[in-house]
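S.K.: structure_33.txt is reproduced in full below (compact mmCIF, C-alpha atoms (C1' of nucleotides)).
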# COMPACT_ATOMS: atom_id res chain seq x y z
CA MET A 1 0.00 0.00 0.00
CA ARG A 2 2.87 2.35 -0.91
CA ALA A 3 0.48 4.48 -2.96
CA LEU A 4 -1.42 5.57 0.15
CA GLU A 5 1.72 7.00 1.68
CA ALA A 6 2.64 8.82 -1.52
CA LEU A 7 -0.85 10.27 -1.86
CA ALA A 8 -0.94 11.51 1.73
CA ASP A 9 0.78 14.68 0.54
CA PRO A 10 -1.63 17.20 -1.01
CA THR A 11 0.91 18.47 -3.55
CA ARG A 12 1.45 14.96 -4.84
CA ARG A 13 -2.29 14.45 -5.11
CA GLU A 14 -2.47 17.59 -7.22
CA ILE A 15 0.33 16.34 -9.43
CA VAL A 16 -1.59 13.12 -9.97
CA ASP A 17 -4.71 15.14 -10.74
CA LEU A 18 -2.71 17.15 -13.25
CA LEU A 19 -1.29 14.09 -14.97
CA ALA A 20 -4.76 12.62 -15.26
CA GLU A 21 -5.22 15.02 -18.15
CA GLY A 22 -2.10 13.89 -19.94
CA GLU A 23 1.66 13.65 -20.10
CA LEU A 24 3.66 16.65 -18.87
CA ASP A 25 7.31 17.56 -18.53
CA ALA A 26 8.87 18.28 -15.14
CA GLY A 27 9.22 22.01 -15.74
CA THR A 28 5.59 22.50 -16.66
CA ILE A 29 4.48 20.54 -13.63
CA ALA A 30 6.72 22.61 -11.36
CA SER A 31 5.38 25.86 -12.81
CA ARG A 32 1.90 24.97 -11.56
CA PHE A 33 2.97 24.89 -7.91
CA PRO A 34 4.07 27.56 -5.46
CA VAL A 35 7.14 25.57 -4.42
CA SER A 36 10.59 25.39 -5.94
CA ARG A 37 11.42 23.13 -8.85
CA PRO A 38 13.68 20.83 -6.84
CA ALA A 39 10.86 20.30 -4.37
CA VAL A 40 8.57 19.19 -7.16
CA SER A 41 11.36 17.02 -8.51
CA ARG A 42 11.43 15.24 -5.17
CA HIS A 43 7.67 14.75 -5.20
CA LEU A 44 7.95 13.26 -8.66
CA ARG A 45 10.58 10.89 -7.37
CA VAL A 46 8.29 9.71 -4.57
CA LEU A 47 5.46 9.19 -7.03
CA ARG A 48 7.83 7.32 -9.32
CA GLU A 49 8.99 5.05 -6.50
CA ALA A 50 5.37 4.39 -5.58
CA GLY A 51 4.77 3.37 -9.17
CA LEU A 52 2.18 6.07 -9.67
CA VAL A 53 3.96 7.76 -12.54
CA ASN A 54 6.23 6.72 -15.39
CA VAL A 55 8.98 8.82 -16.94
CA ARG A 56 9.97 9.01 -20.56
CA PRO A 57 12.99 11.02 -21.71
CA ASP A 58 12.41 13.45 -24.54
CA ALA A 59 15.58 15.32 -25.47
CA GLN A 60 16.66 17.19 -22.35
CA ARG A 61 13.16 17.05 -20.90
CA ARG A 62 11.50 14.26 -18.97
CA LEU A 63 7.87 13.51 -19.62
CA TYR A 64 5.79 12.20 -16.77
CA ALA A 65 2.66 10.14 -17.21
CA LEU A 66 0.17 8.65 -14.79
CA ASP A 67 0.35 4.95 -14.05
CA PRO A 68 -2.97 3.81 -12.57
CA ALA A 69 -1.81 0.40 -11.34
CA PRO A 70 -1.25 1.42 -7.69
CA LEU A 71 -4.59 3.22 -7.72
CA ALA A 72 -6.20 -0.02 -8.78
CA GLU A 73 -4.47 -1.70 -5.88
CA LEU A 74 -5.81 0.96 -3.52
CA ASP A 75 -9.23 0.39 -4.98
CA ALA A 76 -8.89 -3.31 -4.27
CA TRP A 77 -7.98 -2.59 -0.65
CA LEU A 78 -10.96 -0.30 -0.34
CA ALA A 79 -13.25 -2.98 -1.74
CA ARG A 80 -13.09 -4.75 1.58
CA TYR A 81 -14.92 -1.87 3.21
CA ARG A 82 -17.43 -1.20 0.50
CA VAL A 83 -19.94 -3.47 2.18
CA PHE A 84 -19.83 -1.20 5.23
CA TRP A 85 -21.22 1.86 3.58
CA ALA A 86 -23.46 -0.22 1.37
CA ASN A 87 -25.07 -1.69 4.49
CA ARG A 88 -25.30 1.68 6.06
CA LEU A 89 -27.14 3.05 3.06
CA ASP A 90 -29.50 0.08 3.21
CA ALA A 91 -30.14 0.78 6.87
CA LEU A 92 -30.78 4.42 6.12
CA ASP A 93 -33.15 3.44 3.36
CA VAL A 94 -35.08 1.12 5.67
CA HIS A 95 -35.27 3.86 8.26
CA LEU A 96 -36.61 6.42 5.81
CA ARG A 97 -39.24 4.05 4.47
CA ARG A 98 -40.37 3.24 7.98
CA GLU A 99 -40.56 6.93 8.84
CA ARG A 100 -42.56 7.66 5.74
CA ARG A 101 -45.06 4.90 6.55
CA ARG A 102 -45.35 6.16 10.09
CA LYS A 103 -46.14 9.68 8.93
CA GLU A 104 -48.61 8.47 6.37
CA ARG A 105 -50.74 6.94 9.05
CA MET B 1 -9.26 14.01 1.84
CA ARG B 2 -8.26 13.83 5.49
CA ALA B 3 -8.75 10.07 5.51
CA LEU B 4 -5.82 9.57 3.13
CA GLU B 5 -3.45 11.27 5.52
CA ALA B 6 -4.71 9.24 8.46
CA LEU B 7 -4.40 6.01 6.51
CA ALA B 8 -0.85 6.74 5.42
CA ASP B 9 0.37 5.20 8.67
CA PRO B 10 0.50 1.39 8.54
CA THR B 11 -0.43 0.97 12.20
CA ARG B 12 -3.57 3.00 11.67
CA ARG B 13 -4.45 0.93 8.63
CA GLU B 14 -4.14 -2.17 10.77
CA ILE B 15 -6.39 -0.65 13.41
CA VAL B 16 -8.99 0.03 10.75
CA ASP B 17 -8.62 -3.53 9.50
CA LEU B 18 -9.13 -4.74 13.05
CA LEU B 19 -12.24 -2.67 13.59
CA ALA B 20 -13.72 -3.96 10.37
CA GLU B 21 -14.48 -7.12 12.31
CA GLY B 22 -16.32 -5.28 15.05
CA GLU B 23 -16.24 -2.89 17.96
CA LEU B 24 -13.24 -3.08 20.30
CA ASP B 25 -12.08 -1.26 23.43
CA ALA B 26 -8.84 0.75 23.45
CA GLY B 27 -6.95 -1.74 25.62
CA THR B 28 -7.70 -4.69 23.38
CA ILE B 29 -6.65 -2.73 20.33
CA ALA B 30 -3.39 -1.69 21.97
CA SER B 31 -2.61 -5.27 22.98
CA ARG B 32 -2.53 -6.27 19.30
CA PHE B 33 0.36 -3.94 18.49
CA PRO B 34 4.03 -3.88 19.41
CA VAL B 35 3.88 -0.24 20.49
CA SER B 36 2.93 1.30 23.81
CA ARG B 37 -0.67 1.93 24.81
CA PRO B 38 -0.34 5.73 24.70
CA ALA B 39 1.00 5.49 21.15
CA VAL B 40 -2.09 3.55 20.11
CA SER B 41 -4.23 6.07 21.97
CA ARG B 42 -2.74 8.75 19.78
CA HIS B 43 -3.42 6.77 16.62
CA LEU B 44 -7.01 6.36 17.72
CA ARG B 45 -7.22 10.09 18.17
CA VAL B 46 -6.00 10.73 14.65
CA LEU B 47 -8.51 8.23 13.29
CA ARG B 48 -11.23 9.88 15.34
CA GLU B 49 -10.34 13.34 14.04
CA ALA B 50 -10.38 11.97 10.49
CA GLY B 51 -13.87 10.63 11.17
CA LEU B 52 -12.81 7.07 10.51
CA VAL B 53 -13.83 5.76 13.93
CA ASN B 54 -16.45 6.55 16.52
CA VAL B 55 -16.11 6.17 20.26
CA ARG B 56 -18.71 5.01 22.71
CA PRO B 57 -18.10 5.04 26.49
CA ASP B 58 -18.86 1.80 28.31
CA ALA B 59 -18.15 2.07 32.05
CA GLN B 60 -14.46 2.93 32.30
CA ARG B 61 -13.74 1.51 28.87
CA ARG B 62 -14.08 3.21 25.51
CA LEU B 63 -15.39 1.20 22.61
CA TYR B 64 -14.17 2.08 19.14
CA ALA B 65 -16.10 1.30 15.99
CA LEU B 66 -15.36 1.86 12.33
CA ASP B 67 -17.09 4.71 10.52
CA PRO B 68 -16.97 4.07 6.78
CA ALA B 69 -18.04 7.54 5.67
CA PRO B 70 -14.52 8.88 4.93
CA LEU B 71 -13.72 5.66 3.10
CA ALA B 72 -16.72 6.28 0.89
CA GLU B 73 -15.33 9.73 0.21
CA LEU B 74 -11.98 8.24 -0.70
CA ASP B 75 -13.79 5.84 -2.98
CA ALA B 76 -15.46 8.77 -4.68
CA TRP B 77 -12.10 10.49 -5.25
CA LEU B 78 -10.72 7.30 -6.69
CA ALA B 79 -13.67 7.00 -9.04
CA ARG B 80 -12.16 9.69 -11.22
CA TYR B 81 -9.26 7.40 -12.07
CA ARG B 82 -11.22 4.23 -12.52
CA VAL B 83 -11.42 4.78 -16.27
CA PHE B 84 -7.63 4.68 -16.42
CA TRP B 85 -7.25 1.15 -15.25
CA ALA B 86 -10.46 -0.06 -16.82
CA ASN B 87 -8.40 -0.20 -20.00
CA ARG B 88 -5.67 -2.07 -18.19
CA LEU B 89 -7.53 -4.75 -16.30
CA ASP B 90 -5.04 -7.30 -17.49
CA ALA B 91 -2.21 -5.49 -15.70
CA LEU B 92 -4.22 -5.33 -12.48
CA ASP B 93 -5.05 -8.97 -12.77
CA VAL B 94 -1.39 -9.84 -13.04
CA HIS B 95 -0.63 -7.73 -10.00
CA LEU B 96 -3.39 -9.20 -7.86
CA ARG B 97 -2.41 -12.74 -8.76
CA ARG B 98 1.14 -11.94 -7.74
CA GLU B 99 -0.05 -10.51 -4.42
CA ARG B 100 -2.19 -13.52 -3.74
CA ARG B 101 0.73 -15.86 -4.38
CA ARG B 102 2.93 -13.76 -2.11
CA LYS B 103 0.45 -13.92 0.75
CA GLU B 104 -0.05 -17.65 0.34
CA ARG B 105 3.59 -18.27 1.12
C1' DG C 1 33.16 24.03 -28.45
C1' DA C 2 30.79 27.69 -25.77
C1' DA C 3 26.56 29.04 -24.03
C1' DC C 4 21.96 27.93 -22.79
C1' DT C 5 18.12 24.83 -21.27
C1' DC C 6 16.13 21.25 -18.54
C1' DT C 7 16.39 18.37 -14.79
C1' DG C 8 18.00 15.73 -10.91
C1' DT C 9 20.96 15.43 -6.64
C1' DA C 10 23.57 17.22 -2.51
C1' DA C 11 23.70 19.59 1.69
C1' DC C 12 21.31 21.84 4.93
C1' DT C 13 17.31 23.75 7.84
C1' DT C 14 13.05 23.21 10.00
C1' DG C 15 8.49 21.56 11.22
C1' DT C 16 5.89 17.65 12.37
C1' DA C 17 4.82 12.79 13.34
C1' DT C 18 5.72 8.87 16.19
C1' DG C 19 7.51 6.83 19.89
C1' DT C 20 8.66 6.72 24.94
C1' DT C 21 7.83 7.40 30.28
C1' DA C 22 5.33 9.83 33.86
C1' DC C 23 1.13 11.50 35.43
C1' DG C 24 -4.01 12.75 35.87
C1' DT C 25 -8.78 11.34 35.99
C1' DA C 26 -13.00 8.78 35.97
C1' DA C 27 -15.36 4.46 36.92
C1' DG C 28 -15.71 -0.02 39.35
C1' DC C 29 -14.75 -2.76 43.64
C1' DA C 30 -12.85 -4.42 48.37
C1' DT D 1 -12.68 5.18 51.73
C1' DG D 2 -8.75 3.40 49.63
C1' DC D 3 -7.28 0.40 45.69
C1' DT D 4 -7.43 -1.19 41.01
C1' DT D 5 -8.56 -0.77 36.18
C1' DA D 6 -8.86 1.67 31.83
C1' DC D 7 -7.80 5.60 29.31
C1' DG D 8 -6.18 9.86 27.85
C1' DT D 9 -2.76 13.74 28.00
C1' DA D 10 1.80 16.08 28.99
C1' DA D 11 6.49 16.47 28.28
C1' DC D 12 10.19 15.04 26.00
C1' DA D 13 13.41 12.66 22.41
C1' DT D 14 14.17 11.54 17.78
C1' DA D 15 13.43 10.27 13.05
C1' DC D 16 11.79 11.79 8.89
C1' DA D 17 9.51 14.68 5.39
C1' DA D 18 9.47 18.79 2.73
C1' DG D 19 11.31 23.01 1.81
C1' DT D 20 15.37 25.92 0.35
C1' DT D 21 19.92 27.23 -2.35
C1' DA D 22 23.92 25.59 -4.80
C1' DC D 23 25.71 22.56 -8.02
C1' DA D 24 26.37 18.81 -11.65
C1' DG D 25 25.32 16.55 -15.91
C1' DA D 26 23.06 15.58 -20.24
C1' DG D 27 21.13 17.53 -24.43
C1' DT D 28 20.35 21.47 -27.81
C1' DT D 29 21.78 25.44 -30.47
C1' DC D 30 24.68 28.68 -32.62
Starting from the file, lay out its structure as structure tokens.

M.R.:
Amino acid sequence: MRALEALADPTRREIVDLLAEGELDAGTIASRFPVSRPAVSRHLRVLREAGLVNVRPDAQRRLYALDPAPLAELDAWLARYRVFWANRLDALDVHLRRERRRKER
Amino acid sequence: MRALEALADPTRREIVDLLAEGELDAGTIASRFPVSRPAVSRHLRVLREAGLVNVRPDAQRRLYALDPAPLAELDAWLARYRVFWANRLDALDVHLRRERRRKER
DNA sequence: GAACTCTGTAACTTGTATGTTACGTAAGCA
DNA sequence: TGCTTACGTAACATACAAGTTACAGAGTTC
């Protein structure tokens, strides 16, 4: 669950959000954030090590692209808990129906 | 996305896993981990502040229960990326099979 | 080949998260 | 009324994460 730790940082989440729209080079990514370029470079490294992004060299630039595999893994982890809020919604539904019947009387 | 930050810590993820099976008091939770009871108390506080658990007093004990609401929120955030791996189900499948084999060892 | 561009790494500072031990407090029990 | 149990909080130590500036290296351009 390395992805969770990488995504705990809000800047890295924003980078992921950004890359969801397409490949970008490091400089362009950095220009979108209020922190220095080296700082963004470090964030990109963390994302890379978590497998969330892939890099592709293009001349002297480096193009970053989203890799959804770890997100799928996170989704799989979350699946275990899906029944919890599903049940809760069912319970809420039951409650509302009961209330409605009660009021209709 | 407060839940993500709370879940970045592996101990807290384990606590959540534990509570998925049912309500537990603080002492019992702490006994399952190799860290001190106050440390676990702190983790429980973080989970509480993230809305991931609820507390219910019972005599001098405090019973903790899972609250899935923030997980549902996380699921909603993740939904945005679901289309990305929908195209790559084969890759996920490979990964999950690998994980399963690893855990079986 | 010299100068410029793009990017990552090194070295350092600083804030925060996680752990520890010591202590306070509220509820049960002799 | 003590004494025990169950927790949380305070105070402190320490590791680590994220930021900065300075620098190095690879590629492009003239």

S.K.: Please measure the separation of CA of Pro38 (chain B) and CA of Leu74 (chain A), giving the value in Å to one decimal.

M.R.: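 We find that CA of Pro38 (chain B) and CA of Leu74 (chain A) lie 29.1 Å from each other.
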
S.K.: Counting only C-alpha atoms (C1' of nucleotides), select every polymer residue within 10 Å of (19.4, 21.6, 3.3) as defined in the file's coordinates, and provide the selection as an mmCIF file with C-alpha atoms (C1' of nucleotides), in the frame of the given file.

M.R.:
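And here's point_12.cif as it stands now:
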data_model
loop_
_atom_site.group_PDB
_atom_site.id
_atom_site.type_symbol
_atom_site.label_atom_id
_atom_site.label_comp_id
_atom_site.auth_asym_id
_atom_site.auth_seq_id
_atom_site.Cartn_x
_atom_site.Cartn_y
_atom_site.Cartn_z
ATOM 1 C "C1'" DA C 10 23.570 17.220 -2.510
ATOM 2 C "C1'" DA C 11 23.700 19.590 1.690
ATOM 3 C "C1'" DC C 12 21.310 21.840 4.930
ATOM 4 C "C1'" DT C 13 17.310 23.750 7.840
ATOM 5 C "C1'" DT C 14 13.050 23.210 10.000
ATOM 6 C "C1'" DG D 19 11.310 23.010 1.810
ATOM 7 C "C1'" DT D 20 15.370 25.920 0.350
ATOM 8 C "C1'" DT D 21 19.920 27.230 -2.350
#

S.K.: Can you list, as a PyMOL selection string, every protein, DNA or RNA residue that comes within 10 Å of DT9 (chain D) when you count only C-alpha atoms (C1' of nucleotides), leaving out same-chain residues fewer than 2 positions away?

M.R.: (chain B and resi 38+41-42) or (chain C and resi 23-24) or (chain D and resi 7+11)

S.K.: Which chain B residues have any atom within 8 Å of an atom of chain D, and for each, what is the nearest pair of atoms with distance in Å to one decimal, counting all atoms listed in the file, rows sorted by chain and number, as JSON lines?

M.R.:
{"residue": "B:Ala26", "atom": "CA", "partner": "D:DC7", "partner_atom": "C1'", "distance": 7.7}
{"residue": "B:Gly27", "atom": "CA", "partner": "D:DA6", "partner_atom": "C1'", "distance": 7.3}
{"residue": "B:Pro38", "atom": "CA", "partner": "D:DG8", "partner_atom": "C1'", "distance": 7.8}
{"residue": "B:Ser41", "atom": "CA", "partner": "D:DG8", "partner_atom": "C1'", "distance": 7.3}
{"residue": "B:Gln60", "atom": "CA", "partner": "D:DA6", "partner_atom": "C1'", "distance": 5.8}
{"residue": "B:Arg61", "atom": "CA", "partner": "D:DA6", "partner_atom": "C1'", "distance": 5.7}
{"residue": "B:Arg62", "atom": "CA", "partner": "D:DC7", "partner_atom": "C1'", "distance": 7.7}

S.K.: Any chance you could fit chain A onto chain B with least squares, all Cα atoms in order, and share the moved copy as a PDB file with C-alpha atoms, keeping the file's coordinate frame?

M.R.:
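Once everything was written out, this is selection.pdb:
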ATOM      1  CA  MET A   1      -9.111  12.995   2.940  1.00  0.00           C
ATOM      2  CA  ARG A   2      -8.515  13.579   6.667  1.00  0.00           C
ATOM      3  CA  ALA A   3      -8.787   9.840   7.300  1.00  0.00           C
ATOM      4  CA  LEU A   4      -5.587   9.150   5.362  1.00  0.00           C
ATOM      5  CA  GLU A   5      -3.610  11.422   7.635  1.00  0.00           C
ATOM      6  CA  ALA A   6      -5.095   9.855  10.756  1.00  0.00           C
ATOM      7  CA  LEU A   7      -4.376   6.347   9.500  1.00  0.00           C
ATOM      8  CA  ALA A   8      -0.763   7.142   8.635  1.00  0.00           C
ATOM      9  CA  ASP A   9       0.141   6.326  12.232  1.00  0.00           C
ATOM     10  CA  PRO A  10       0.504   2.582  12.872  1.00  0.00           C
ATOM     11  CA  THR A  11      -0.840   2.789  16.431  1.00  0.00           C
ATOM     12  CA  ARG A  12      -4.002   4.447  15.194  1.00  0.00           C
ATOM     13  CA  ARG A  13      -4.400   1.779  12.541  1.00  0.00           C
ATOM     14  CA  GLU A  14      -4.184  -0.836  15.272  1.00  0.00           C
ATOM     15  CA  ILE A  15      -6.793   0.989  17.310  1.00  0.00           C
ATOM     16  CA  VAL A  16      -9.100   0.959  14.307  1.00  0.00           C
ATOM     17  CA  ASP A  17      -8.393  -2.740  13.833  1.00  0.00           C
ATOM     18  CA  LEU A  18      -9.249  -3.304  17.478  1.00  0.00           C
ATOM     19  CA  LEU A  19     -12.512  -1.392  17.284  1.00  0.00           C
ATOM     20  CA  ALA A  20     -13.514  -3.376  14.227  1.00  0.00           C
ATOM     21  CA  GLU A  21     -14.356  -6.149  16.661  1.00  0.00           C
ATOM     22  CA  GLY A  22     -16.568  -3.970  18.800  1.00  0.00           C
ATOM     23  CA  GLU A  23     -16.965  -1.084  21.194  1.00  0.00           C
ATOM     24  CA  LEU A  24     -14.243  -0.594  23.813  1.00  0.00           C
ATOM     25  CA  ASP A  25     -13.545   1.832  26.623  1.00  0.00           C
ATOM     26  CA  ALA A  26     -10.460   4.051  26.610  1.00  0.00           C
ATOM     27  CA  GLY A  27      -8.702   2.164  29.392  1.00  0.00           C
ATOM     28  CA  THR A  28      -9.019  -1.202  27.709  1.00  0.00           C
ATOM     29  CA  ILE A  29      -7.748   0.224  24.452  1.00  0.00           C
ATOM     30  CA  ALA A  30      -4.765   1.801  26.204  1.00  0.00           C
ATOM     31  CA  SER A  31      -3.918  -1.468  27.953  1.00  0.00           C
ATOM     32  CA  ARG A  32      -3.342  -3.114  24.572  1.00  0.00           C
ATOM     33  CA  PHE A  33      -0.516  -0.747  23.632  1.00  0.00           C
ATOM     34  CA  PRO A  34       3.010  -0.259  24.925  1.00  0.00           C
ATOM     35  CA  VAL A  35       2.538   3.499  25.266  1.00  0.00           C
ATOM     36  CA  SER A  36       1.103   5.555  28.088  1.00  0.00           C
ATOM     37  CA  ARG A  37      -2.606   6.120  28.516  1.00  0.00           C
ATOM     38  CA  PRO A  38      -2.465   9.831  27.712  1.00  0.00           C
ATOM     39  CA  ALA A  39      -0.721   9.006  24.454  1.00  0.00           C
ATOM     40  CA  VAL A  40      -3.539   6.686  23.485  1.00  0.00           C
ATOM     41  CA  SER A  41      -6.015   9.330  24.576  1.00  0.00           C
ATOM     42  CA  ARG A  42      -4.428  11.681  22.070  1.00  0.00           C
ATOM     43  CA  HIS A  43      -4.622   9.087  19.311  1.00  0.00           C
ATOM     44  CA  LEU A  44      -8.288   8.616  20.091  1.00  0.00           C
ATOM     45  CA  ARG A  45      -8.775  12.341  19.801  1.00  0.00           C
ATOM     46  CA  VAL A  46      -7.178  12.385  16.348  1.00  0.00           C
ATOM     47  CA  LEU A  47      -9.358   9.494  15.243  1.00  0.00           C
ATOM     48  CA  ARG A  48     -12.390  11.278  16.653  1.00  0.00           C
ATOM     49  CA  GLU A  49     -11.548  14.482  14.790  1.00  0.00           C
ATOM     50  CA  ALA A  50     -11.092  12.476  11.603  1.00  0.00           C
ATOM     51  CA  GLY A  51     -14.549  11.049  12.150  1.00  0.00           C
ATOM     52  CA  LEU A  52     -13.235   7.515  12.324  1.00  0.00           C
ATOM     53  CA  VAL A  53     -14.564   6.798  15.786  1.00  0.00           C
ATOM     54  CA  ASN A  54     -17.538   7.850  17.884  1.00  0.00           C
ATOM     55  CA  VAL A  55     -17.600   8.205  21.659  1.00  0.00           C
ATOM     56  CA  ARG A  56     -20.404   7.346  24.007  1.00  0.00           C
ATOM     57  CA  PRO A  57     -20.210   8.116  27.729  1.00  0.00           C
ATOM     58  CA  ASP A  58     -20.983   5.262  30.076  1.00  0.00           C
ATOM     59  CA  ALA A  59     -20.702   6.309  33.715  1.00  0.00           C
ATOM     60  CA  GLN A  60     -17.124   7.468  34.210  1.00  0.00           C
ATOM     61  CA  ARG A  61     -15.936   5.509  31.190  1.00  0.00           C
ATOM     62  CA  ARG A  62     -16.023   6.485  27.543  1.00  0.00           C
ATOM     63  CA  LEU A  63     -16.873   3.863  24.980  1.00  0.00           C
ATOM     64  CA  TYR A  64     -15.321   4.152  21.563  1.00  0.00           C
ATOM     65  CA  ALA A  65     -16.810   2.662  18.433  1.00  0.00           C
ATOM     66  CA  LEU A  66     -15.695   2.554  14.824  1.00  0.00           C
ATOM     67  CA  ASP A  67     -17.341   4.884  12.347  1.00  0.00           C
ATOM     68  CA  PRO A  68     -16.738   3.581   8.818  1.00  0.00           C
ATOM     69  CA  ALA A  69     -17.851   6.705   6.949  1.00  0.00           C
ATOM     70  CA  PRO A  70     -14.345   8.127   6.349  1.00  0.00           C
ATOM     71  CA  LEU A  71     -13.173   4.683   5.272  1.00  0.00           C
ATOM     72  CA  ALA A  72     -15.917   4.680   2.687  1.00  0.00           C
ATOM     73  CA  GLU A  73     -14.675   8.046   1.526  1.00  0.00           C
ATOM     74  CA  LEU A  74     -11.146   6.665   1.248  1.00  0.00           C
ATOM     75  CA  ASP A  75     -12.540   3.773  -0.712  1.00  0.00           C
ATOM     76  CA  ALA A  76     -14.215   6.210  -3.071  1.00  0.00           C
ATOM     77  CA  TRP A  77     -10.925   8.036  -3.612  1.00  0.00           C
ATOM     78  CA  LEU A  78      -9.199   4.754  -4.300  1.00  0.00           C
ATOM     79  CA  ALA A  79     -11.854   3.813  -6.840  1.00  0.00           C
ATOM     80  CA  ARG A  80     -10.279   6.218  -9.272  1.00  0.00           C
ATOM     81  CA  TYR A  81      -7.183   4.052  -9.418  1.00  0.00           C
ATOM     82  CA  ARG A  82      -8.857   0.692  -9.473  1.00  0.00           C
ATOM     83  CA  VAL A  83      -8.802   0.659 -13.250  1.00  0.00           C
ATOM     84  CA  PHE A  84      -5.006   0.855 -13.116  1.00  0.00           C
ATOM     85  CA  TRP A  85      -4.431  -2.438 -11.430  1.00  0.00           C
ATOM     86  CA  ALA A  86      -7.372  -3.985 -13.214  1.00  0.00           C
ATOM     87  CA  ASN A  87      -5.717  -3.148 -16.538  1.00  0.00           C
ATOM     88  CA  ARG A  88      -2.427  -4.385 -15.306  1.00  0.00           C
ATOM     89  CA  LEU A  89      -3.932  -7.718 -14.363  1.00  0.00           C
ATOM     90  CA  ASP A  90      -5.524  -7.919 -17.804  1.00  0.00           C
ATOM     91  CA  ALA A  91      -2.162  -7.233 -19.394  1.00  0.00           C
ATOM     92  CA  LEU A  92      -0.546  -9.882 -17.251  1.00  0.00           C
ATOM     93  CA  ASP A  93      -3.258 -12.317 -18.206  1.00  0.00           C
ATOM     94  CA  VAL A  94      -2.750 -11.625 -21.908  1.00  0.00           C
ATOM     95  CA  HIS A  95       0.972 -12.086 -21.482  1.00  0.00           C
ATOM     96  CA  LEU A  96       0.606 -15.419 -19.720  1.00  0.00           C
ATOM     97  CA  ARG A  97      -1.803 -16.750 -22.319  1.00  0.00           C
ATOM     98  CA  ARG A  98       0.545 -15.726 -25.092  1.00  0.00           C
ATOM     99  CA  GLU A  99       3.461 -17.391 -23.327  1.00  0.00           C
ATOM    100  CA  ARG A 100       1.495 -20.560 -22.839  1.00  0.00           C
ATOM    101  CA  ARG A 101       0.561 -20.699 -26.531  1.00  0.00           C
ATOM    102  CA  ARG A 102       4.152 -20.084 -27.494  1.00  0.00           C
ATOM    103  CA  LYS A 103       5.375 -22.956 -25.345  1.00  0.00           C
ATOM    104  CA  GLU A 104       2.687 -25.265 -26.594  1.00  0.00           C
ATOM    105  CA  ARG A 105       3.972 -24.973 -30.104  1.00  0.00           C
TER     106      ARG A 105
END

S.K.: For Leu66 (chain A), which residue among A:Glu14, A:Leu78, A:Ala20, A:Ala86 is the nearest when counting all atoms listed in the file?

M.R.: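 The closest residue to Leu66 (chain A) is A:Ala20.
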
S.K.: Work out how far apart CA of Ala6 (chain B) and CA of Asp67 (chain A) are and give it in Å to one decimal.

M.R.: 23.5 Å

S.K.: Specify as a PyMOL selection string all residues of chain A found within 8 Å of chain B, counting all atoms listed in the file.

M.R.: chain A and resi 4-5+7-9+20+68-69+71-73+75+78+81-82+84-85

S.K.: Within 8 Å of chain C, which residues of chain B show up? Give each one with its shortest atom-to-atom distance in Å (one decimal) and the two atoms involved, counting all atoms listed in the file, rows by chain then rising residue number, as JSON lines.

M.R.:
{"residue": "B:Val35", "atom": "CA", "partner": "C:DG19", "partner_atom": "C1'", "distance": 8.0}
{"residue": "B:Ser36", "atom": "CA", "partner": "C:DT20", "partner_atom": "C1'", "distance": 8.0}
{"residue": "B:Ala39", "atom": "CA", "partner": "C:DG19", "partner_atom": "C1'", "distance": 6.8}
{"residue": "B:Ala59", "atom": "CA", "partner": "C:DA27", "partner_atom": "C1'", "distance": 6.1}
{"residue": "B:Gln60", "atom": "CA", "partner": "C:DA27", "partner_atom": "C1'", "distance": 4.9}

S.K.: Those same residues, written as a PDB file, keeping the file's coordinate frame with C-alpha atoms?

M.R.:
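What ended up in again-v9.pdb:
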ATOM      1  CA  VAL B  35       3.880  -0.240  20.490  1.00  0.00           C
ATOM      2  CA  SER B  36       2.930   1.300  23.810  1.00  0.00           C
ATOM      3  CA  ALA B  39       1.000   5.490  21.150  1.00  0.00           C
ATOM      4  CA  ALA B  59     -18.150   2.070  32.050  1.00  0.00           C
ATOM      5  CA  GLN B  60     -14.460   2.930  32.300  1.00  0.00           C
TER       6      GLN B  60
END

S.K.: What does the structure give for the distance between CA of Thr28 (chain B) and CA of Ile15 (chain B), in Å to one decimal?

M.R.: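 One can read the CA of Thr28 (chain B) to CA of Ile15 (chain B) distance as 10.8 Å.
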
S.K.: What would region 81-87 of chain A look like if you wrote it out as an mmCIF file, in the first residue's frame, with N, CA and C atoms included, from the block I just posted?

M.R.:
data_model
loop_
_atom_site.group_PDB
_atom_site.id
_atom_site.type_symbol
_atom_site.label_atom_id
_atom_site.label_comp_id
_atom_site.auth_asym_id
_atom_site.auth_seq_id
_atom_site.Cartn_x
_atom_site.Cartn_y
_atom_site.Cartn_z
ATOM 1 N N TYR A 81 -14.076 -2.690 2.340
ATOM 2 C CA TYR A 81 -14.916 -1.868 3.207
ATOM 3 C C TYR A 81 -16.200 -1.396 2.532
ATOM 4 N N ARG A 82 -16.274 -1.686 1.256
ATOM 5 C CA ARG A 82 -17.425 -1.198 0.496
ATOM 6 C C ARG A 82 -18.737 -1.702 1.094
ATOM 7 N N VAL A 83 -18.722 -2.921 1.596
ATOM 8 C CA VAL A 83 -19.943 -3.467 2.184
ATOM 9 C C VAL A 83 -20.410 -2.631 3.363
ATOM 10 N N PHE A 84 -19.460 -1.962 4.036
ATOM 11 C CA PHE A 84 -19.827 -1.196 5.227
ATOM 12 C C PHE A 84 -20.737 -0.033 4.887
ATOM 13 N N TRP A 85 -20.353 0.733 3.876
ATOM 14 C CA TRP A 85 -21.220 1.859 3.584
ATOM 15 C C TRP A 85 -22.407 1.431 2.727
ATOM 16 N N ALA A 86 -22.300 0.316 2.082
ATOM 17 C CA ALA A 86 -23.456 -0.217 1.371
ATOM 18 C C ALA A 86 -24.538 -0.584 2.384
ATOM 19 N N ASN A 87 -24.132 -1.304 3.440
ATOM 20 C CA ASN A 87 -25.072 -1.690 4.487
ATOM 21 C C ASN A 87 -25.676 -0.483 5.159
#
